[in-house]
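J.: Can you read through this structure? Questions will come right after.
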Amino acid sequence: MPIYEYRCLDCGSQFEKLVRNSAESISCKQCAGSNLQKLISAHAIGSGAPDTACGSAPCSPAPACGGGRCPALTSRA
């Protein structure tokens, strides 16, 4: 269930709404108007390390790297 951001074109308030169903009617929390504009919102994206045994992108996913050094990293030396 996505959360959408809206701006009311009648009163100017901005709010978020959890939308359970695309057919659900949405109204402004301040004035109860339905003259709304759906806003573009940024999605949260993680920036953690890749899920590999050595923690670096060129390496194969665990456990394919084995128990030693990642061959992709040691060949750069």
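Labeling convention for the structure tokens: chains A, B, ... as they appear, residues from 1 per chain, ligands from 1 in order of appearance.
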Neighbouring residues of Pro2 (chain A) were defined as those with any atom within 12 Å, considering only C-alpha atoms; residues of the same chain fewer than 3 positions away were excluded. Please report them as a list in words.
T.: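 Those residues are Glu5, Glu16, Lys17, Leu18, Val19, Arg20, Asn21, Ser22, Ser41 and His43 of chain A.
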J.: Let me see the file: selected residues, C-alpha atoms, as an mmCIF file, in the first residue's frame.
T.:
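Output file result_4.cif is given in full below:
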```cif
data_model
loop_
_atom_site.group_PDB
_atom_site.id
_atom_site.type_symbol
_atom_site.label_atom_id
_atom_site.label_comp_id
_atom_site.auth_asym_id
_atom_site.auth_seq_id
_atom_site.Cartn_x
_atom_site.Cartn_y
_atom_site.Cartn_z
ATOM 1 C CA GLU A 5 1.608 13.110 -1.309
ATOM 2 C CA GLU A 16 0.231 12.363 2.731
ATOM 3 C CA LYS A 17 -2.323 9.594 2.328
ATOM 4 C CA LEU A 18 -1.977 5.823 2.583
ATOM 5 C CA VAL A 19 -3.884 4.548 -0.451
ATOM 6 C CA ARG A 20 -5.323 1.086 0.061
ATOM 7 C CA ASN A 21 -7.368 0.991 -3.122
ATOM 8 C CA SER A 22 -6.982 3.003 -6.341
ATOM 9 C CA SER A 41 7.736 12.243 -4.140
ATOM 10 C CA HIS A 43 11.437 7.162 -2.744
#
```
J.: Using only C-alpha atoms, which protein or nucleic acid residues come within 10 Å of Leu36 (chain A)? Drop anything in the same chain fewer than 2 positions from it, and give the result as a ChimeraX atom specification.
T.: /A:5-14,26-28,33-34,38-39
